[in-house]
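With mmCIF, C-alpha atoms (C1' of nucleotides) inside, this is final-v8.cif:
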data_data
#
loop_
_atom_site.label_atom_id
_atom_site.label_comp_id
_atom_site.auth_asym_id
_atom_site.auth_seq_id
_atom_site.Cartn_x
_atom_site.Cartn_y
_atom_site.Cartn_z
CA MET A 5 -93.89 10.62 -145.12
CA ALA A 6 -90.57 9.59 -143.59
CA SER A 7 -88.62 12.36 -145.26
CA SER A 8 -91.15 15.02 -144.31
CA SER A 9 -91.14 13.94 -140.69
CA SER A 10 -87.36 14.19 -140.53
CA ALA A 11 -87.66 17.69 -141.96
CA LEU A 12 -90.13 18.44 -139.19
CA LEU A 13 -87.74 17.08 -136.62
CA ARG A 14 -85.01 19.36 -137.87
CA ARG A 15 -87.38 22.30 -137.57
CA ALA A 16 -88.34 21.20 -134.08
CA ARG A 17 -84.70 21.13 -133.03
CA HIS A 18 -84.15 24.48 -134.59
CA LEU A 19 -87.13 25.90 -132.76
CA SER A 20 -86.15 24.45 -129.43
CA THR A 21 -82.74 26.09 -129.76
CA ALA A 22 -84.45 29.31 -130.74
CA VAL A 23 -86.66 29.19 -127.68
CA ALA A 24 -83.70 28.35 -125.49
CA THR A 25 -81.59 31.21 -126.82
CA ALA A 26 -84.49 33.61 -126.53
CA ALA A 27 -84.44 32.85 -122.84
CA ASN A 28 -80.84 33.97 -122.51
CA THR A 29 -80.47 36.80 -124.97
CA ASN A 30 -82.96 39.49 -125.65
CA VAL A 31 -83.52 38.63 -129.27
CA THR A 32 -87.11 39.63 -129.13
CA THR A 33 -88.26 43.10 -129.82
CA SER A 34 -89.85 44.24 -126.62
CA ALA A 35 -88.06 43.34 -123.47
CA ALA A 36 -90.43 45.45 -121.44
CA MET A 37 -93.64 43.93 -122.78
CA THR A 38 -96.11 43.18 -120.05
CA ILE A 39 -97.78 39.81 -119.99
CA SER A 40 -101.26 41.18 -120.49
CA LYS A 41 -100.09 43.25 -123.41
CA ALA A 42 -98.38 40.18 -124.84
CA LYS A 43 -101.54 38.14 -124.47
CA SER A 44 -103.64 40.68 -126.28
CA LYS A 45 -100.99 40.82 -129.01
CA LEU A 46 -101.02 37.04 -129.18
CA ARG A 47 -104.74 36.98 -129.70
CA LYS A 48 -104.53 39.49 -132.55
CA GLU A 49 -101.51 37.90 -134.23
CA HIS A 50 -102.55 35.60 -137.04
CA ASP A 51 -99.02 34.88 -138.18
CA THR A 52 -97.92 31.81 -136.24
CA ASP A 53 -94.21 32.64 -136.34
CA LYS A 54 -94.80 36.11 -134.99
CA ALA A 55 -97.02 34.62 -132.29
CA LEU A 56 -94.14 32.36 -131.32
CA ASP A 57 -91.83 35.36 -131.04
CA ILE A 58 -94.26 37.10 -128.74
CA TYR A 59 -94.54 33.99 -126.62
CA SER A 60 -90.76 33.60 -126.36
CA SER A 61 -90.50 37.14 -125.11
CA VAL A 62 -93.10 36.50 -122.42
CA LYS A 63 -91.31 33.36 -121.42
CA SER A 64 -87.87 34.94 -121.23
CA ASN A 65 -88.93 38.08 -119.41
CA HIS A 66 -91.41 36.73 -116.93
CA SER A 67 -90.38 33.18 -116.21
CA SER A 68 -90.11 33.92 -112.52
CA SER A 69 -93.43 35.70 -112.01
CA SER A 70 -97.20 35.13 -112.38
CA PRO A 71 -97.25 31.48 -113.45
CA GLY A 72 -100.96 31.54 -114.20
CA SER A 73 -100.54 34.29 -116.71
CA THR A 74 -97.59 32.78 -118.57
CA HIS A 75 -99.48 29.51 -118.61
CA HIS A 76 -102.35 31.25 -120.32
CA ALA A 77 -99.99 32.75 -122.90
CA GLN A 78 -98.59 29.27 -123.47
CA GLN A 79 -102.04 27.90 -124.16
CA ILE A 80 -102.86 30.64 -126.64
CA THR A 81 -99.61 29.89 -128.47
CA VAL A 82 -100.20 26.14 -128.52
CA ARG A 83 -103.73 26.62 -129.81
CA ARG A 84 -102.42 28.83 -132.59
CA LEU A 85 -99.70 26.31 -133.55
CA ALA A 86 -102.18 23.42 -133.48
CA LYS A 87 -104.44 25.33 -135.81
CA SER A 88 -101.59 25.48 -138.30
CA HIS A 89 -100.82 21.79 -137.69
CA ARG A 90 -97.34 22.60 -136.44
CA PHE A 91 -97.17 19.72 -134.01
CA SER A 92 -93.40 19.35 -134.02
CA ASP A 93 -93.13 23.01 -133.05
CA ILE A 94 -95.54 22.35 -130.19
CA GLU A 95 -93.44 19.42 -129.06
CA ALA A 96 -90.25 21.47 -129.14
CA LEU A 97 -91.92 24.27 -127.24
CA ILE A 98 -93.37 22.12 -124.48
CA GLU A 99 -90.39 19.81 -124.15
CA SER A 100 -88.11 22.82 -123.69
CA HIS A 101 -90.07 23.60 -120.52
CA LYS A 102 -88.96 20.34 -118.97
CA ASN A 103 -85.54 21.89 -118.38
CA ASP A 104 -87.12 24.62 -116.31
CA PRO A 105 -86.39 24.23 -112.58
CA ARG A 106 -90.11 24.65 -111.89
CA ILE A 107 -90.75 21.24 -113.43
CA THR A 108 -90.77 19.76 -109.90
CA ASP A 109 -93.86 21.85 -109.24
CA GLU A 110 -96.84 19.62 -109.97
CA GLN A 111 -98.92 22.54 -111.16
CA PHE A 112 -96.28 23.63 -113.64
CA LEU A 113 -95.94 20.12 -115.04
CA SER A 114 -99.72 19.80 -115.22
CA SER A 115 -99.89 22.87 -117.41
CA LEU A 116 -97.61 21.12 -119.90
CA ILE A 117 -99.86 18.05 -119.87
CA LYS A 118 -102.87 20.24 -120.49
CA SER A 119 -101.18 22.05 -123.35
CA TYR A 120 -100.49 18.74 -125.06
CA GLY A 121 -104.17 17.96 -124.61
CA ILE A 122 -105.22 21.23 -126.22
CA ALA A 123 -103.10 20.27 -129.23
CA GLY A 124 -104.76 16.85 -129.31
CA MET A 125 -101.38 15.21 -128.61
CA PHE A 126 -102.52 12.76 -125.98
CA ASP A 127 -99.56 10.38 -126.37
CA HIS A 128 -97.23 13.20 -125.40
CA ALA A 129 -99.44 14.11 -122.47
CA LEU A 130 -99.39 10.55 -121.19
CA ARG A 131 -95.64 10.27 -121.66
CA THR A 132 -95.13 13.44 -119.66
CA TYR A 133 -97.39 12.10 -116.92
CA ASN A 134 -95.41 8.86 -116.74
CA GLN A 135 -92.14 10.82 -116.62
CA MET A 136 -92.98 12.45 -113.30
CA GLU A 137 -90.75 10.17 -111.22
CA THR A 138 -87.77 10.92 -113.47
CA LEU A 139 -88.52 14.62 -113.32
CA LYS A 140 -88.91 14.38 -109.52
CA THR A 141 -92.37 15.88 -109.53
CA PRO A 142 -94.66 14.72 -106.72
CA ARG A 143 -98.03 13.28 -107.65
CA SER A 144 -101.56 13.99 -106.52
CA ALA A 145 -104.97 14.11 -108.18
CA LEU A 146 -103.94 17.44 -109.71
CA SER A 147 -101.67 16.07 -112.45
CA PHE A 148 -104.07 13.18 -112.96
CA ASN A 149 -106.86 15.66 -113.60
CA ALA A 150 -104.65 17.41 -116.13
CA LEU A 151 -104.12 14.06 -117.85
CA LEU A 152 -107.86 13.33 -117.86
CA THR A 153 -108.53 16.80 -119.27
CA ALA A 154 -105.94 16.16 -121.99
CA CYS A 155 -107.70 12.89 -122.72
CA VAL A 156 -111.09 14.57 -123.13
CA ASN A 157 -109.62 17.42 -125.19
CA SER A 158 -107.99 14.87 -127.47
CA LYS A 159 -111.40 13.20 -127.80
CA LYS A 160 -110.14 9.84 -126.56
CA PHE A 161 -113.38 9.13 -124.75
CA ASP A 162 -112.88 5.40 -124.29
CA LEU A 163 -109.58 6.02 -122.56
CA ALA A 164 -110.89 8.26 -119.80
CA PRO A 165 -112.69 5.55 -117.76
CA GLN A 166 -109.70 3.28 -118.30
CA LEU A 167 -107.28 5.88 -116.90
CA PHE A 168 -109.70 6.45 -114.05
CA ASP A 169 -109.51 2.78 -113.13
CA GLU A 170 -105.78 2.34 -113.62
CA MET A 171 -103.89 5.42 -112.51
CA PRO A 172 -105.04 5.96 -108.91
CA ALA A 173 -104.15 2.35 -108.07
CA LYS A 174 -100.90 2.46 -110.01
CA TYR A 175 -99.61 5.67 -108.42
CA GLY A 176 -101.42 5.59 -105.10
CA PHE A 177 -103.70 8.63 -104.88
CA LYS A 178 -107.44 9.17 -104.67
CA PRO A 179 -109.45 10.78 -107.48
CA ASP A 180 -111.19 13.94 -106.24
CA VAL A 181 -114.45 15.68 -107.20
CA TYR A 182 -112.70 17.31 -110.13
CA SER A 183 -111.57 13.93 -111.45
CA TYR A 184 -115.16 12.74 -111.33
CA GLY A 185 -116.27 15.93 -113.04
CA ILE A 186 -113.88 15.40 -115.95
CA LEU A 187 -114.88 11.75 -116.29
CA VAL A 188 -118.58 12.66 -116.36
CA ARG A 189 -117.87 15.29 -119.01
CA SER A 190 -116.04 12.66 -121.04
CA PHE A 191 -119.11 10.41 -121.03
CA CYS A 192 -121.30 13.33 -122.02
CA ASP A 193 -119.00 14.42 -124.85
CA ALA A 194 -119.16 10.85 -126.11
CA GLY A 195 -122.97 11.17 -126.19
CA LYS A 196 -123.53 8.83 -123.24
CA PRO A 197 -125.08 10.93 -120.47
CA GLU A 198 -126.58 7.79 -118.93
CA LEU A 199 -123.07 6.67 -117.99
CA GLY A 200 -122.56 10.07 -116.37
CA ILE A 201 -125.73 9.56 -114.33
CA GLU A 202 -124.41 6.18 -113.25
CA LYS A 203 -121.15 7.79 -112.10
CA LEU A 204 -123.16 10.29 -110.07
CA LYS A 205 -124.75 7.37 -108.22
CA GLU A 206 -121.36 5.82 -107.63
CA MET A 207 -120.09 9.10 -106.22
CA ASN A 208 -122.99 9.15 -103.83
CA GLN A 209 -122.24 5.68 -102.61
CA LYS A 210 -118.61 6.61 -102.07
CA GLY A 211 -119.60 9.77 -100.25
CA VAL A 212 -118.04 12.12 -102.83
CA GLN A 213 -120.18 15.26 -102.70
CA ALA A 214 -121.31 16.27 -106.22
CA SER A 215 -121.66 19.95 -107.07
CA GLY A 216 -123.86 21.68 -109.62
CA VAL A 217 -120.95 21.78 -112.02
CA ILE A 218 -121.03 18.02 -112.47
CA TYR A 219 -124.73 18.06 -113.44
CA THR A 220 -124.37 20.73 -116.12
CA PRO A 221 -122.80 18.62 -118.89
CA ILE A 222 -125.28 15.82 -118.18
CA ILE A 223 -128.24 18.14 -118.60
CA HIS A 224 -126.60 19.66 -121.65
CA SER A 225 -126.04 16.27 -123.26
CA LEU A 226 -129.60 15.09 -122.53
CA TYR A 227 -131.08 18.20 -124.14
CA LYS A 228 -128.81 17.78 -127.13
CA LYS A 229 -130.14 14.27 -127.60
CA GLY A 230 -133.69 15.60 -127.42
CA ASN A 231 -134.42 13.97 -124.09
CA SER A 232 -135.79 17.02 -122.27
CA THR A 233 -137.93 15.01 -119.85
CA GLU A 234 -134.85 13.30 -118.46
CA ALA A 235 -132.91 16.59 -118.55
CA GLU A 236 -135.55 18.23 -116.38
CA ARG A 237 -135.59 15.27 -114.02
CA ILE A 238 -131.82 15.64 -113.51
CA TRP A 239 -132.24 19.40 -113.05
CA ASP A 240 -134.75 18.74 -110.27
CA GLU A 241 -132.45 16.19 -108.71
CA MET A 242 -129.65 18.75 -108.72
CA VAL A 243 -131.86 21.36 -107.06
CA ASN A 244 -133.27 18.90 -104.51
CA ARG A 245 -129.79 17.85 -103.48
CA GLY A 246 -129.10 21.45 -102.56
CA CYS A 247 -126.50 22.02 -105.27
CA VAL A 248 -125.69 25.58 -106.21
CA VAL A 249 -127.44 26.38 -109.50
CA ASP A 250 -125.39 28.99 -111.33
CA VAL A 251 -125.41 30.95 -114.59
CA ALA A 252 -123.77 28.18 -116.62
CA ALA A 253 -126.45 25.71 -115.54
CA TYR A 254 -129.20 28.15 -116.48
CA ASN A 255 -127.54 28.81 -119.83
CA VAL A 256 -127.92 25.16 -120.73
CA ARG A 257 -131.67 25.53 -120.28
CA LEU A 258 -131.67 28.74 -122.32
CA MET A 259 -129.85 26.88 -125.10
CA ASN A 260 -132.69 24.41 -125.24
CA ALA A 261 -135.26 27.20 -125.51
CA VAL A 262 -133.63 29.07 -128.37
CA ASP A 263 -135.96 27.66 -131.04
CA GLY A 264 -139.06 28.46 -129.03
CA ASP A 265 -140.89 31.57 -127.87
CA PRO A 266 -138.58 34.48 -126.96
CA GLU A 267 -140.92 35.23 -124.06
CA ASP A 268 -139.88 31.93 -122.48
CA ILE A 269 -136.24 33.00 -122.58
CA LYS A 270 -137.09 36.41 -121.16
CA ARG A 271 -138.92 34.70 -118.34
CA MET A 272 -135.94 32.47 -117.58
CA ILE A 273 -133.54 35.41 -117.59
CA GLU A 274 -135.84 37.12 -115.12
CA GLU A 275 -135.87 33.97 -113.03
CA MET A 276 -132.08 34.12 -112.97
CA SER A 277 -132.09 37.69 -111.76
CA ASN A 278 -134.62 36.80 -109.08
CA ALA A 279 -132.26 34.07 -107.94
CA ALA A 280 -129.57 36.76 -107.56
CA LEU A 281 -127.69 35.45 -110.62
CA LYS A 282 -126.30 37.82 -113.21
CA PRO A 283 -127.13 36.68 -116.76
CA ASP A 284 -123.96 36.85 -118.87
CA THR A 285 -123.18 37.45 -122.54
CA ILE A 286 -124.02 33.83 -123.36
CA SER A 287 -127.46 34.23 -121.75
CA TYR A 288 -128.23 37.36 -123.73
CA ASN A 289 -126.84 35.82 -126.91
CA TYR A 290 -129.52 33.15 -126.63
CA LEU A 291 -132.23 35.75 -126.33
CA MET A 292 -130.79 37.64 -129.28
CA THR A 293 -130.44 34.47 -131.36
CA CYS A 294 -134.00 33.49 -130.52
CA TYR A 295 -135.28 36.84 -131.86
CA CYS A 296 -133.06 36.49 -134.92
CA LYS A 297 -134.49 33.08 -135.71
CA LYS A 298 -137.98 34.52 -135.52
CA GLY A 299 -136.96 37.35 -137.86
CA MET A 300 -137.58 39.90 -135.10
CA MET A 301 -134.51 41.95 -135.95
CA ASN A 302 -135.47 45.12 -134.08
CA GLU A 303 -135.80 43.14 -130.87
CA ALA A 304 -132.57 41.29 -131.55
CA LYS A 305 -130.72 44.54 -132.17
CA GLU A 306 -132.13 45.93 -128.94
CA VAL A 307 -130.69 43.03 -126.93
CA TYR A 308 -127.32 43.79 -128.52
CA ASP A 309 -127.63 47.53 -127.88
CA LYS A 310 -128.46 46.97 -124.23
CA LEU A 311 -125.67 44.46 -123.53
CA GLU A 312 -123.42 47.03 -121.93
CA GLU A 313 -126.28 48.44 -119.90
CA ASN A 314 -126.56 44.91 -118.55
CA CYS A 315 -122.85 44.87 -117.72
CA CYS A 316 -121.99 42.48 -120.54
CA ASN A 317 -119.69 42.85 -123.52
CA PRO A 318 -120.58 41.47 -126.93
CA ASN A 319 -118.34 38.54 -127.84
CA ALA A 320 -117.34 37.08 -131.20
CA ALA A 321 -120.53 34.99 -131.34
CA THR A 322 -122.69 38.05 -130.69
CA PHE A 323 -121.25 39.80 -133.72
CA ARG A 324 -121.29 36.77 -135.94
CA THR A 325 -124.88 35.77 -135.24
CA LEU A 326 -126.29 39.30 -135.37
CA LEU A 327 -124.45 40.16 -138.58
CA TYR A 328 -125.50 36.97 -140.28
CA TYR A 329 -129.18 37.52 -139.57
CA LEU A 330 -129.04 41.24 -140.33
CA CYS A 331 -127.70 40.35 -143.77
CA ARG A 332 -130.31 37.67 -144.29
CA ASN A 333 -132.91 40.31 -143.59
CA GLU A 334 -131.19 42.77 -145.96
CA ARG A 335 -130.35 45.16 -143.12
CA PHE A 336 -126.94 45.93 -144.53
CA GLU A 337 -126.54 49.45 -143.21
CA THR A 338 -127.14 48.36 -139.65
CA GLY A 339 -124.83 45.47 -140.39
CA TYR A 340 -122.08 47.86 -141.40
CA LYS A 341 -122.34 49.69 -138.07
CA VAL A 342 -122.21 46.40 -136.20
CA PHE A 343 -119.16 45.42 -138.25
CA LYS A 344 -117.39 48.65 -137.32
CA HIS A 345 -118.07 47.98 -133.67
CA SER A 346 -116.62 44.47 -134.03
CA VAL A 347 -113.45 45.95 -135.52
CA ALA A 348 -113.16 48.45 -132.68
CA VAL A 349 -113.22 45.69 -130.07
CA ASN A 350 -111.20 43.24 -132.18
CA LYS A 351 -113.89 40.60 -132.52
CA ILE A 352 -114.29 40.55 -136.26
CA PRO A 353 -116.52 37.82 -137.70
CA ASP A 354 -115.14 35.32 -140.19
CA PHE A 355 -114.97 35.61 -143.95
CA ASN A 356 -118.14 33.61 -144.59
CA THR A 357 -120.20 36.00 -142.50
CA LEU A 358 -118.69 39.13 -143.91
CA LYS A 359 -119.00 38.12 -147.55
CA TYR A 360 -122.79 38.50 -147.27
CA LEU A 361 -122.33 41.97 -145.84
CA VAL A 362 -119.90 43.07 -148.54
CA GLY A 363 -122.09 41.55 -151.25
CA GLY A 364 -125.20 43.22 -149.85
CA LEU A 365 -123.58 46.63 -149.56
CA ALA A 366 -122.25 46.34 -153.11
CA LYS A 367 -125.68 45.38 -154.34
CA LYS A 368 -127.17 48.44 -152.67
CA SER A 369 -124.49 50.63 -154.28
CA ARG A 370 -122.86 51.31 -150.95
CA THR A 371 -119.52 50.88 -152.69
CA LYS A 372 -117.56 52.99 -150.25
CA GLU A 373 -118.58 50.87 -147.27
CA ALA A 374 -118.03 47.60 -149.14
CA LYS A 375 -114.54 48.68 -150.15
CA GLY A 376 -113.84 49.85 -146.63
CA ILE A 377 -114.59 46.40 -145.25
CA ILE A 378 -112.30 44.72 -147.77
CA ARG A 379 -109.51 47.17 -146.99
CA THR A 380 -109.86 46.52 -143.27
CA MET A 381 -109.96 42.77 -143.73
CA LYS A 382 -106.89 42.70 -145.94
CA LYS A 383 -105.00 44.51 -143.23
CA LYS A 384 -106.26 42.38 -140.37
CA PHE A 385 -106.15 38.88 -141.68
CA PRO A 386 -103.44 36.37 -142.56
CA PRO A 387 -102.15 36.16 -146.13
CA ASN A 388 -103.96 32.88 -146.85
CA LEU A 389 -107.34 34.62 -146.64
CA LEU A 390 -106.20 37.42 -148.88
CA VAL A 391 -106.88 35.27 -151.92
CA ALA A 392 -110.53 34.86 -150.90
CA TRP A 393 -110.96 38.58 -150.35
CA THR A 394 -109.34 39.50 -153.63
CA LYS A 395 -111.56 37.01 -155.44
CA LEU A 396 -114.71 38.40 -153.83
CA GLU A 397 -113.56 41.92 -154.64
CA LYS A 398 -113.24 41.00 -158.31
CA GLU A 399 -116.57 39.17 -158.42
CA LEU A 400 -118.35 42.21 -157.06
CA GLY A 401 -116.53 44.57 -159.38
CA LEU A 402 -114.99 46.40 -156.45
CA ALA A 403 -111.39 45.87 -157.49
CA SER A 404 -109.58 49.08 -158.18
CA ALA A 405 -105.96 50.13 -158.61
CA ASP A 406 -104.91 48.57 -155.35
CA THR A 407 -103.76 45.26 -156.76
CA GLU A 408 -100.35 46.45 -155.62
CA ALA A 409 -101.63 46.66 -152.09
CA ALA A 410 -102.80 43.08 -152.40
CA LYS A 411 -99.31 42.00 -153.43
CA GLU A 412 -97.87 43.81 -150.46
CA GLY A 413 -100.26 41.90 -148.27
CA VAL A 414 -99.03 38.57 -149.60
CA GLN A 415 -95.46 39.48 -148.88
CA ARG A 416 -96.17 40.42 -145.29
"C1'" DT B 64 -106.82 33.80 -113.76
"C1'" DC B 65 -106.95 30.02 -109.91
"C1'" DC B 66 -107.99 21.52 -111.42
"C1'" DA B 67 -114.54 20.21 -113.39
"C1'" DG B 68 -119.44 22.54 -116.42
"C1'" DT B 69 -122.48 26.54 -120.51
"C1'" DA B 70 -123.67 28.39 -127.22
"C1'" DA B 71 -122.78 29.58 -132.07
"C1'" DG B 72 -125.75 30.31 -138.98
"C1'" DT B 73 -125.73 27.27 -144.00
#
Would you mind giving the structure from this file in structure tokens?
Amino acid sequence: MASSSSALLRRARHLSTAVATAANTNVTTSAAMTISKAKSKLRKEHDTDKALDIYSSVKSNHSSSSPGSTHHAQQITVRRLAKSHRFSDIEALIESHKNDPRITDEQFLSSLIKSYGIAGMFDHALRTYNQMETLKTPRSALSFNALLTACVNSKKFDLAPQLFDEMPAKYGFKPDVYSYGILVRSFCDAGKPELGIEKLKEMNQKGVQASGVIYTPIIHSLYKKGNSTEAERIWDEMVNRGCVVDVAAYNVRLMNAVDGDPEDIKRMIEEMSNAALKPDTISYNYLMTCYCKKGMMNEAKEVYDKLEENCCNPNAATFRTLLYYLCRNERFETGYKVFKHSVAVNKIPDFNTLKYLVGGLAKKSRTKEAKGIIRTMKKKFPPNLLVAWTKLEKELGLASADTEAAKEGVQR
DNA sequence: TCCAGTAAGT
């Protein structure tokens, strides 16, 4: 344990130097890469080291402009590193930002706190928050909200109310509506919506005006616990208080209806439109999923086909759910078309979903299509999944003379 | 994209 952590530390130091030098020299490949291009590359890049390179280039070329966008690139990178458990790399990356002159900007510092939260590194988030005096960063509720968010993202639910009691008094600021919102969400994530409801009352007494956003996780949590009566009571309370009811709030109700009659969901979507709300991809996904669960695959496919007509784009969940149910209903040819669409828009479902499709196509002697999927997947996915694909290929008797290609893939 | 909220098969 001790020796491996010192090895990690060495790597962290190495990385932090690498990041620092990347800022001064143009080591990285594309000096002219735009941030949006970099972000789309980041999303597609499954190799963590390559993702880091892309991020360094964003950082070195655009450190003076569009902070929101670089921040987003930072979060994508951190998420990727956390997925590979490279926490010392994350530390090196984020700590290196503390030398940036923008560290006195509370928003900039808050983005670092949030990134630590995304990685589940709450101790580091808290340390950064407590460093603000040293770093000469002024305090308001903003950085506190970042800390609370980090707390919730790190699933330290007991800590959130404690921070809420301690920090405002310790550092002399007032929690705002957002702070309350994050605290309420923390209670709900911990499966205690009743504490959220209590907080709502407290807000009222203190004259903090609650918005619809604060009600949404409470209603969500109540439905999840099977307490729909109480969920509907809170919904009514939200409406009666004159809160804005938006698409996200409606989607929580749609979620609860997904095991029921599709007609109910259609009615609710209509209700949304009548309220001048535009149902989004999540809304339509519920309708599609509802049809899928009922085995009504033609209707489900129609929802998918009409997404763009409804000004929505299918997302990763759309493809995954539809493909899964198409395969379960032996509709492999339709599934293949859906798969190709998912490749075109870079939202390819995971291995577990696709193995049913490949297996089904192979079973129906659609060897060409089955092989095509495997070829695509070997190109698109990281080396560690290659083993699974090669194994499946062998099991289905689809392996041909391209074992060499597989080797190439491993070396990549 | 902008400080809080929404789902997802076995």
- Query: In file coordinates, which residues lie within 10 Å of (-106.0, 28.6, -108.8) using all atoms listed in the file, given as a PyMOL selection string?
  - Reply: (chain A and resi 72+111) or (chain B and resi 64-66)
- Task: Starting from the point (-109.9, 43.8, -137.3), work out which residues of protein, DNA or RNA have an atom no more than 12 Å away when counting all atoms listed in the file; state them as a ChimeraX atom specification.
- Result: /A:47-50,320,343-355,358,376-386
- Task: Tell me the residues of chain A close to chain B, meaning within 9 Å using all atoms listed in the file, as a VMD selection string.
- Result: chain A and resid 72 to 73 76 145 to 147 149 to 150 181 to 187 189 216 to 221 224 251 to 256 259 286 to 287 289 to 290 321 to 322 324 to 325 328 to 329 357
Restrict the selected residues to C-alpha atoms and save them as a PDB file, in the coordinates of the input.
ATOM      1  CA  GLY A  72    -100.960  31.540-114.200  1.00  0.00           C
ATOM      2  CA  SER A  73    -100.540  34.290-116.710  1.00  0.00           C
ATOM      3  CA  HIS A  76    -102.350  31.250-120.320  1.00  0.00           C
ATOM      4  CA  ALA A 145    -104.970  14.110-108.180  1.00  0.00           C
ATOM      5  CA  LEU A 146    -103.940  17.440-109.710  1.00  0.00           C
ATOM      6  CA  SER A 147    -101.670  16.070-112.450  1.00  0.00           C
ATOM      7  CA  ASN A 149    -106.860  15.660-113.600  1.00  0.00           C
ATOM      8  CA  ALA A 150    -104.650  17.410-116.130  1.00  0.00           C
ATOM      9  CA  VAL A 181    -114.450  15.680-107.200  1.00  0.00           C
ATOM     10  CA  TYR A 182    -112.700  17.310-110.130  1.00  0.00           C
ATOM     11  CA  SER A 183    -111.570  13.930-111.450  1.00  0.00           C
ATOM     12  CA  TYR A 184    -115.160  12.740-111.330  1.00  0.00           C
ATOM     13  CA  GLY A 185    -116.270  15.930-113.040  1.00  0.00           C
ATOM     14  CA  ILE A 186    -113.880  15.400-115.950  1.00  0.00           C
ATOM     15  CA  LEU A 187    -114.880  11.750-116.290  1.00  0.00           C
ATOM     16  CA  ARG A 189    -117.870  15.290-119.010  1.00  0.00           C
ATOM     17  CA  GLY A 216    -123.860  21.680-109.620  1.00  0.00           C
ATOM     18  CA  VAL A 217    -120.950  21.780-112.020  1.00  0.00           C
ATOM     19  CA  ILE A 218    -121.030  18.020-112.470  1.00  0.00           C
ATOM     20  CA  TYR A 219    -124.730  18.060-113.440  1.00  0.00           C
ATOM     21  CA  THR A 220    -124.370  20.730-116.120  1.00  0.00           C
ATOM     22  CA  PRO A 221    -122.800  18.620-118.890  1.00  0.00           C
ATOM     23  CA  HIS A 224    -126.600  19.660-121.650  1.00  0.00           C
ATOM     24  CA  VAL A 251    -125.410  30.950-114.590  1.00  0.00           C
ATOM     25  CA  ALA A 252    -123.770  28.180-116.620  1.00  0.00           C
ATOM     26  CA  ALA A 253    -126.450  25.710-115.540  1.00  0.00           C
ATOM     27  CA  TYR A 254    -129.200  28.150-116.480  1.00  0.00           C
ATOM     28  CA  ASN A 255    -127.540  28.810-119.830  1.00  0.00           C
ATOM     29  CA  VAL A 256    -127.920  25.160-120.730  1.00  0.00           C
ATOM     30  CA  MET A 259    -129.850  26.880-125.100  1.00  0.00           C
ATOM     31  CA  ILE A 286    -124.020  33.830-123.360  1.00  0.00           C
ATOM     32  CA  SER A 287    -127.460  34.230-121.750  1.00  0.00           C
ATOM     33  CA  ASN A 289    -126.840  35.820-126.910  1.00  0.00           C
ATOM     34  CA  TYR A 290    -129.520  33.150-126.630  1.00  0.00           C
ATOM     35  CA  ALA A 321    -120.530  34.990-131.340  1.00  0.00           C
ATOM     36  CA  THR A 322    -122.690  38.050-130.690  1.00  0.00           C
ATOM     37  CA  ARG A 324    -121.290  36.770-135.940  1.00  0.00           C
ATOM     38  CA  THR A 325    -124.880  35.770-135.240  1.00  0.00           C
ATOM     39  CA  TYR A 328    -125.500  36.970-140.280  1.00  0.00           C
ATOM     40  CA  TYR A 329    -129.180  37.520-139.570  1.00  0.00           C
ATOM     41  CA  THR A 357    -120.200  36.000-142.500  1.00  0.00           C
TER      42      THR A 357
END
- Message: Would you pick out the contacts of Leu400 (chain A) at 12 Å or less, using only C-alpha atoms (C1' of nucleotides), so that residues sharing its chain but fewer than 4 positions from it are not included, and give the list as a ChimeraX atom specification?
- Response: /A:359-371,374-375,378,393-396,404
- Quick one: pull the distance between CA of Phe126 (chain A) and CA of Gln213 (chain A), Å, one decimal. 29.3 Å
- Query: What is the distance, in Å and to one decimal place, between CA of Asp169 (chain A) and CA of Phe112 (chain A)?
  - Reply: 24.7 Å
- the PyMOL selection byres ((chain A and resi 291-293) around 12) applied to the shown file, residues as a ChimeraX atom specification: /A:255,257-274,283-290,294-311,318,321-330 /B:70-72
Determine the axis-aligned bounding box of all atoms of chain B present in the file, pad each side by 5 Å, and express its centre and edge lengths in Å to one decimal place as JSON.
{"center_x": -116.3, "center_y": 27.0, "center_z": -127.0, "size_x": 28.9, "size_y": 23.6, "size_z": 44.1}
- Evaluate the PyMOL selection byres ((chain A and resi 156-167) around 8) and report residues as a PyMOL selection string: chain A and resi 121-126+152-155+168-171+186-187+189-191+193-194
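From CA of Lys140 (chain A) back to CA of Arg106 (chain A), the distance works out to 10.6 Å.
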Please list as a CSV table (one decimal) with C-alpha atoms, in the frame of the given file every residue within 9 Å of Met242 (chain A), counting only C-alpha atoms (C1' of nucleotides) and excluding residues in the same chain fewer than 4 positions away.
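Final file, part-v9.csv:
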chain,number,residue,atom,x,y,z
A,215,SER,CA,-121.7,20.0,-107.1
A,216,GLY,CA,-123.9,21.7,-109.6
A,219,TYR,CA,-124.7,18.1,-113.4
A,237,ARG,CA,-135.6,15.3,-114.0
A,238,ILE,CA,-131.8,15.6,-113.5
A,246,GLY,CA,-129.1,21.4,-102.6
A,247,CYS,CA,-126.5,22.0,-105.3
A,248,VAL,CA,-125.7,25.6,-106.2
A,249,VAL,CA,-127.4,26.4,-109.5
